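Undergrad: Quick one: structure below, then a few questions.
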Amino acid sequence: MDRILEKITEEIEKGFTKAGYDAKYAKVTLSNRPDLCEYQCNGAMAAAKAYKKAPLMIANDVIAALEGNDVLESVEAVNPGFINMKITKAFVSDYLNAMQADEFLGVEQAEAPKTIMLDYGGPNVAKPLHVGHLRSAVIGESIKRMGRAVGHKMIGDVHLGDWGLQMGLIITELKERKPELVYFQEDYTGEYPAEAPFTIGELEEIYPVASGKSKEDEAYKAKAMEATHQLQQGNPGYMALWNHIMTVSVNDLKRNYARLDVSFDLWKKESDAQPYIPEMVDYLKKNGYAHEDQGALVVDVKEETDTKEIPPCMILKSDGASLYNTTDLATIVERMKLFHPDEIIYVVDKRQDLYFTQVFRCARKARLVDEDTTLTFLGFGTMNGKDGKPFKTREGGVMRLENLLNEINEEMYKKIVDNRSVKEEDAHKTSEIVGLSAIKYGDLSNQASKDYVFDVDRFTSFEGDTGPYILYTTVRIKSILNRFKEEGGDIEVGTILGAVSDSEKALMLSLSQYGAVINNAFDEKAPHKICAYIYELANAFNRFYHETKILSEENKEQQSSWIRMLVLTRDVLEHSVQMLGFSAPEKM
RNA sequence: GUGCCUGUAGCUCAGUUGGAUAGAGCAACGCCCUUCUAAGGCGUGGGUCGGGGGUUCGAAUCCCUCCAGACACGCCA
């Protein structure tokens with residue numbers, strides 16, 4: 001279905017054409033002076049130059065030509081040459097009824113759906129998730145859901161960090177502690193135990209210890225590097241251990257991501273890309289893309305237009321070993337081969353901007369990606385504490401994601417119990433749902449690319465521009481609808497009628513924007529635009545709610561009109577919130 | 001040093017891609033519950049949009065310059 005702005009623009013275009021002006025000036029936008037009008041067109045001022053005529057005259061010509069249309073309730077030309085308009089009540093209500101009948105609520109679906117891979121999450125095996133992983137997960141999940149809502153095929157890939165020295169470190173430390181394990185017996189030929197010789201708790205304790213030792217003890221580090229090498233060569237005992245590490249770790253990661261309501265379609269990992277490396281390196285050499293420089297194998301990625309020196313993309317270190325770049329390039333090769341994506345979006349820390357510029361250019365230059373496959377870097381800023389410095393625990397350490405979630409849930413639980421008399425078990429469940437909205441909304445309502453301040457008190461507040469406020473509004477609507485049903489009403493029947501109050505019309509206008517907002521938000525990969533929209537919608541609803549008594553309305557036709565509008569408002573809010581990655585409870 | 005990003009109310013942030021009187025929330029101060037969740041609504045005060053130039057009918061938005069902060073700059077990931 002057409003967007004409401006397009007429909008209005010079409011009307012204005014008719015006016016411009018009829019008055020003898022080019023229709024390209026007829027672009028209509030939302031009013032930035034709601035006190036004066038609902039929609040405005042600034043085209044007359046732009047046209048003034050081309051036609052060498054006063055803008056106001058042009059505006060008046062257009063208005064005269066618009067005479068007799070049934071979309072505009074009022075239209076007037078104002079000072080320099082603004083065309084201010086209000087649309088008819090019937091036009092808005094017709095639009096809302098059509099919107100309600102549309103399964104996508106007016107969100108335009110992609111005419112040619114794309115396959116878009118989303119690289120987000122990026123946790124490391126055997127290390128707990130910490131707050132640094134939060135943004136990637138939250139933003140990535142939202143973009144994924146937004147993409148699906150506009151009809152694209154979105155493939156989310158967690159892209160596990162499971163390769164390199166960290167594995168060797170764990171194996172080495174394990175060997176120090178339990179040398180008697182069969183995994184370390186070279187002549188062992190039997191089956192390895194199905195049960196892992198460690199728990200996730202032990203694993204998480206082992207890694208930092210091993211990492212610390214390797215920094216101080218050269219011999220230890222050498223052992224770890226050797227173990228890494230052995231693993232990569234396929235040492236059966238090490239491979240068996242690696243499998244255990246993976247299983248234990250991935251189960252734990254899945255549990256944690258589930259708490260965040262984040263899910264991945266693919267649990268691919270860096271090691272999966274390794275088989276592609278030899279052939280890729282060979283290809284880069286043979287075709288002259290890569291050359292040796294100071295002993296390392298590199299690909300030049302400088303471009304004429306660069307304002308600064310872009311270092312070459314390193315493929316192999318001078319000792320011949322591969323590195324992060326190599327794996328990422330090989331991952332691109334793998335993704336192209338397996339999924340042929342139209343676009344790959346990386347949701348990663350913005351500090352990796354330069355690095356990804358190198359990787360993308362290298363992939364492009366060496367034709368590792370199709371020409372029409374887009375590589376997108378979606379860099380996000382740092383999550384800071386109230387002091388403006390990177391978020392830390394009170395003790396100054398790195399905050400585990402799990403602990404952060406627990407803290408928020410506890411905070412939320414207190415608030416819910418303090419304010420309402422609810423059953424124990426309900427309160428715990430509700431506080432988890434609302435707590436998640438607090439975290440996600442707090443994050444997503446900021447522009448992803450900027451640093452932001454993570455303020456627990458502010459995010460968990462029910463007042464202002466917060467997740468809990470949005471949910472509270474949604475719950476209020478549900479509450480009315482439930483009452484209506486209990487009294488024997490049917491919320492599925494009825495037609496939305498023209499507005500009878502200013503607050504109702506404002507709510508209707510806000511609802512009518514939904515489709516355009518979602519499409520635009522996805523185009524710009526900007527979840528914060530959805531936040532801004534639903535906050536405004538929630539405000540519009542609360543204003544309307546405050547002055548309209550629905551359940552006691554005598555006129556049944558009017559009542560069912562309002563009920564239908566509540567259903568639409570609820571649906572818009574729930575769909576929006578779904579795209580942000582959380583949901584509304586039934587009560588709170 | 002080079003490059004990139006950021007700078008908007010006391011605090012946290014928007015600003016529809018160049019439009020009208022720069023907007024929200026929090027904090028402060030008033031009002032509004034016998035009526036669908038007051039975790040709500042209405043209102044008041046608060047700004048040289050980092051500074052200075054320029055572009056034009058018109059600039060928070062585009063260009064130049066300076067100031068301040070954050071980040072990145074070949075064998076880490």
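The chains in the structure tokens are called A, B, ... from first to last as shown; in each chain the residues are counted from 1, and the ligands are counted from 1 in the order shown.
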I'd like to know which residues of region 175-331 of chain A are helix (DSSP H, G or I) (by DSSP, run on the backbone); could you write them as a VMD selection string?

TA: chain A and resid 175 to 177 182 to 184 200 to 216 218 to 233 236 to 259 270 to 286 324 to 331

Undergrad: Those selected residues, please, written with C-alpha atoms and delivered as a short mmCIF file (atom, residue, chain, number, x, y, z; two decimals), in the first residue's frame.

TA:
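Contents of the output file selection_28.cif:
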```cif
data_model
loop_
_atom_site.label_atom_id
_atom_site.label_comp_id
_atom_site.auth_asym_id
_atom_site.auth_seq_id
_atom_site.Cartn_x
_atom_site.Cartn_y
_atom_site.Cartn_z
CA LYS A 175 47.63 -30.31 30.57
CA GLU A 176 49.48 -28.69 33.47
CA ARG A 177 46.61 -29.44 35.80
CA VAL A 182 43.69 -39.49 27.96
CA TYR A 183 43.69 -36.50 25.62
CA PHE A 184 47.36 -36.00 26.40
CA ILE A 200 31.91 -23.86 31.86
CA GLY A 201 32.85 -22.36 35.19
CA GLU A 202 36.23 -24.07 35.16
CA LEU A 203 36.77 -23.14 31.55
CA GLU A 204 36.17 -19.49 32.27
CA GLU A 205 38.59 -19.68 35.16
CA ILE A 206 41.27 -21.49 33.15
CA TYR A 207 41.56 -19.01 30.33
CA PRO A 208 42.54 -15.87 32.25
CA VAL A 209 45.01 -17.88 34.32
CA ALA A 210 46.64 -19.30 31.22
CA SER A 211 46.64 -15.94 29.50
CA GLY A 212 48.33 -14.37 32.51
CA LYS A 213 50.98 -17.05 32.72
CA SER A 214 51.86 -16.78 29.04
CA LYS A 215 52.51 -13.09 29.41
CA GLU A 216 55.06 -13.64 32.14
CA GLU A 218 58.16 -17.36 27.83
CA ALA A 219 58.42 -21.13 28.10
CA TYR A 220 54.74 -21.38 28.90
CA LYS A 221 53.89 -19.23 25.94
CA ALA A 222 55.99 -21.42 23.70
CA LYS A 223 54.09 -24.46 24.95
CA ALA A 224 50.80 -22.77 24.20
CA MET A 225 51.92 -21.87 20.70
CA GLU A 226 53.03 -25.41 20.14
CA ALA A 227 49.68 -26.69 21.40
CA THR A 228 47.93 -24.29 19.02
CA HIS A 229 50.03 -25.60 16.19
CA GLN A 230 49.34 -29.20 17.16
CA LEU A 231 45.64 -28.50 17.27
CA GLN A 232 45.73 -26.92 13.83
CA GLN A 233 47.62 -29.95 12.55
CA PRO A 236 43.41 -36.21 17.76
CA GLY A 237 43.52 -35.70 21.53
CA TYR A 238 43.59 -31.93 21.12
CA MET A 239 40.84 -32.07 18.57
CA ALA A 240 38.71 -34.03 21.02
CA LEU A 241 39.41 -31.41 23.69
CA TRP A 242 38.64 -28.62 21.29
CA ASN A 243 35.29 -30.26 20.60
CA HIS A 244 34.55 -30.37 24.29
CA ILE A 245 35.51 -26.75 24.72
CA MET A 246 33.24 -25.81 21.85
CA THR A 247 30.27 -27.78 23.10
CA VAL A 248 30.49 -26.53 26.66
CA SER A 249 31.13 -22.98 25.61
CA VAL A 250 28.51 -22.75 22.89
CA ASN A 251 25.84 -24.15 25.19
CA ASP A 252 26.65 -21.45 27.67
CA LEU A 253 26.67 -18.73 25.02
CA LYS A 254 23.30 -19.86 23.72
CA ARG A 255 21.88 -19.68 27.20
CA ASN A 256 23.16 -16.13 27.62
CA TYR A 257 21.98 -14.93 24.24
CA ALA A 258 18.59 -16.49 24.93
CA ARG A 259 18.27 -14.28 28.00
CA GLU A 270 36.61 -18.60 12.55
CA SER A 271 37.89 -22.15 12.24
CA ASP A 272 35.27 -22.85 9.56
CA ALA A 273 37.02 -20.36 7.31
CA GLN A 274 40.47 -21.88 7.74
CA PRO A 275 40.12 -24.49 4.96
CA TYR A 276 39.61 -21.65 2.49
CA ILE A 277 42.86 -19.94 3.36
CA PRO A 278 45.50 -21.89 1.38
CA GLU A 279 43.61 -21.64 -1.88
CA MET A 280 42.81 -17.98 -1.29
CA VAL A 281 46.44 -17.10 -0.54
CA ASP A 282 47.50 -18.97 -3.63
CA TYR A 283 44.96 -17.12 -5.71
CA LEU A 284 46.05 -13.74 -4.34
CA LYS A 285 49.66 -14.49 -5.18
CA LYS A 286 49.04 -15.95 -8.62
CA TYR A 324 42.66 -11.86 11.76
CA ASN A 325 42.59 -10.31 8.28
CA THR A 326 43.23 -13.64 6.66
CA THR A 327 40.39 -15.27 8.52
CA ASP A 328 37.98 -12.45 7.75
CA LEU A 329 38.82 -12.54 4.06
CA ALA A 330 38.46 -16.31 4.00
CA THR A 331 35.13 -15.92 5.76
#
```

Undergrad: Can you work out which residues from chain B touch chain A at a cut-off of 7 Å (counting only C-alpha atoms (C1' of nucleotides)) and hand them back as a list in words?

TA: U2, G3, G25, C36, U37, A39, G41, C71, A72, G74, C75 and A77 of chain B

Undergrad: Using only C-alpha atoms (C1' of nucleotides), can you tell me which of B:A24, B:A59, B:G40, B:C33 comes closest to Phe541 (chain A)?

TA: B:G40

Undergrad: For Leu509 (chain A), which residue out of A:Ala23, A:Lys268, A:Glu13, A:Pro34 is the nearest one, using only C-alpha atoms?

TA: A:Pro34

Undergrad: For CA of Glu574 (chain A) and CA of Ala137 (chain A), quote the distance in Å rounded to one decimal.

TA: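 If I compute the distance from CA of Glu574 (chain A) to CA of Ala137 (chain A), I get 20.4 Å.
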
Undergrad: Which residues are near region 8-10 of chain B? Cut-off 9 Å, only C-alpha atoms (C1' of nucleotides), ignore same chain within fewer than 3 positions. Put them as a ChimeraX atom specification.

TA: /B:22,27,46-47,49,60

Undergrad: Residues as selected, N, CA and C atoms (P, O5', C5', C4', C3', O3' and C1' of nucleotides), written as a short mmCIF file (atom, residue, chain, number, x, y, z; two decimals), in the first residue's frame, can you do that?

TA:
```
data_model
loop_
_atom_site.label_atom_id
_atom_site.label_comp_id
_atom_site.auth_asym_id
_atom_site.auth_seq_id
_atom_site.Cartn_x
_atom_site.Cartn_y
_atom_site.Cartn_z
P A B 22 13.76 29.35 17.67
"O5'" A B 22 13.64 27.76 17.77
"C5'" A B 22 13.35 26.96 16.62
"C4'" A B 22 13.94 25.59 16.80
"C3'" A B 22 13.69 24.97 18.18
"O3'" A B 22 12.47 24.27 18.16
"C1'" A B 22 15.97 24.77 17.60
P A B 27 12.72 13.33 37.45
"O5'" A B 27 13.70 14.49 37.94
"C5'" A B 27 14.94 14.18 38.57
"C4'" A B 27 15.75 15.45 38.72
"C3'" A B 27 15.00 16.64 39.30
"O3'" A B 27 14.92 16.59 40.70
"C1'" A B 27 16.16 17.33 37.37
P G B 46 13.25 31.56 30.72
"O5'" G B 46 14.47 30.54 30.65
"C5'" G B 46 15.60 30.71 31.51
"C4'" G B 46 16.36 29.42 31.59
"C3'" G B 46 16.95 28.92 30.26
"O3'" G B 46 18.20 29.55 29.98
"C1'" G B 46 15.85 27.14 31.38
P G B 47 18.42 30.35 28.62
"O5'" G B 47 19.86 29.87 28.21
"C5'" G B 47 20.20 28.53 28.03
"C4'" G B 47 20.85 28.30 26.70
"C3'" G B 47 21.13 29.53 25.85
"O3'" G B 47 22.40 29.39 25.23
"C1'" G B 47 19.83 27.99 24.61
P C B 49 23.96 29.68 19.18
"O5'" C B 49 24.26 28.37 20.06
"C5'" C B 49 25.43 27.60 19.84
"C4'" C B 49 25.06 26.15 19.75
"C3'" C B 49 25.72 25.40 18.60
"O3'" C B 49 26.19 24.15 19.08
"C1'" C B 49 23.38 25.07 18.54
P A B 60 21.07 28.10 12.31
"O5'" A B 60 21.61 26.91 13.23
"C5'" A B 60 22.96 26.92 13.68
"C4'" A B 60 23.44 25.52 13.93
"C3'" A B 60 23.73 24.72 12.68
"O3'" A B 60 25.05 24.92 12.24
"C1'" A B 60 22.37 23.45 14.15
#
```

Undergrad: I want to know what sits within 8 Å of Asn60 (chain A), based on only C-alpha atoms (C1' of nucleotides), with residues of the same chain fewer than 3 positions away left out; could you give that as a PyMOL selection string?

TA: chain A and resi 56-57+63-64+76-77

Undergrad: From the options A:Lys337, A:Arg145, A:His428, A:Arg570, which residue's atoms come nearest to Ile470 (chain A), counting only C-alpha atoms?

TA: A:Arg570

Undergrad: In Å to one decimal, how far is CA of Glu504 (chain A) from CA of Thr569 (chain A)?

TA: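 Separation between CA of Thr569 (chain A) and CA of Glu504 (chain A): 11.8 Å.
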
Undergrad: Quote the spacing between CA of Ala54 (chain A) and C1' of G18 (chain B) in Å to one decimal place.

TA: 18.7 Å

Undergrad: From a DSSP calculation on the backbone, collect every residue of region 223-347 of chain A in strand (DSSP E) and output the set as a PyMOL selection string.

TA: chain A and resi 290-293+296-299+313-316+343-347

Undergrad: Identify, on the basis of only C-alpha atoms (C1' of nucleotides), every residue whose closest approach to G52 (chain B) does not exceed 12 Å; exclude the query and any residue fewer than 5 positions from it along the same chain; express the result as a list in words.

TA: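 In the requested format, the answer is C64, U65, C66 and C67 of chain B.
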
Undergrad: Of the candidates A:Met383, A:Met146, A:Leu165, A:Ala19, which one gets nearest to C76 (chain B) if we count only C-alpha atoms (C1' of nucleotides)?

TA: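 Of A:Met383, A:Met146, A:Leu165, A:Ala19, the one nearest C76 (chain B) is A:Leu165, counting only C-alpha atoms (C1' of nucleotides).
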
Undergrad: Which one of B:G19, B:U34, B:C26, B:U55 sits closest to Ala44 (chain A) if you count only C-alpha atoms (C1' of nucleotides)?

TA: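 When distances to Ala44 (chain A) are compared using only C-alpha atoms (C1' of nucleotides), the smallest one comes from B:G19.
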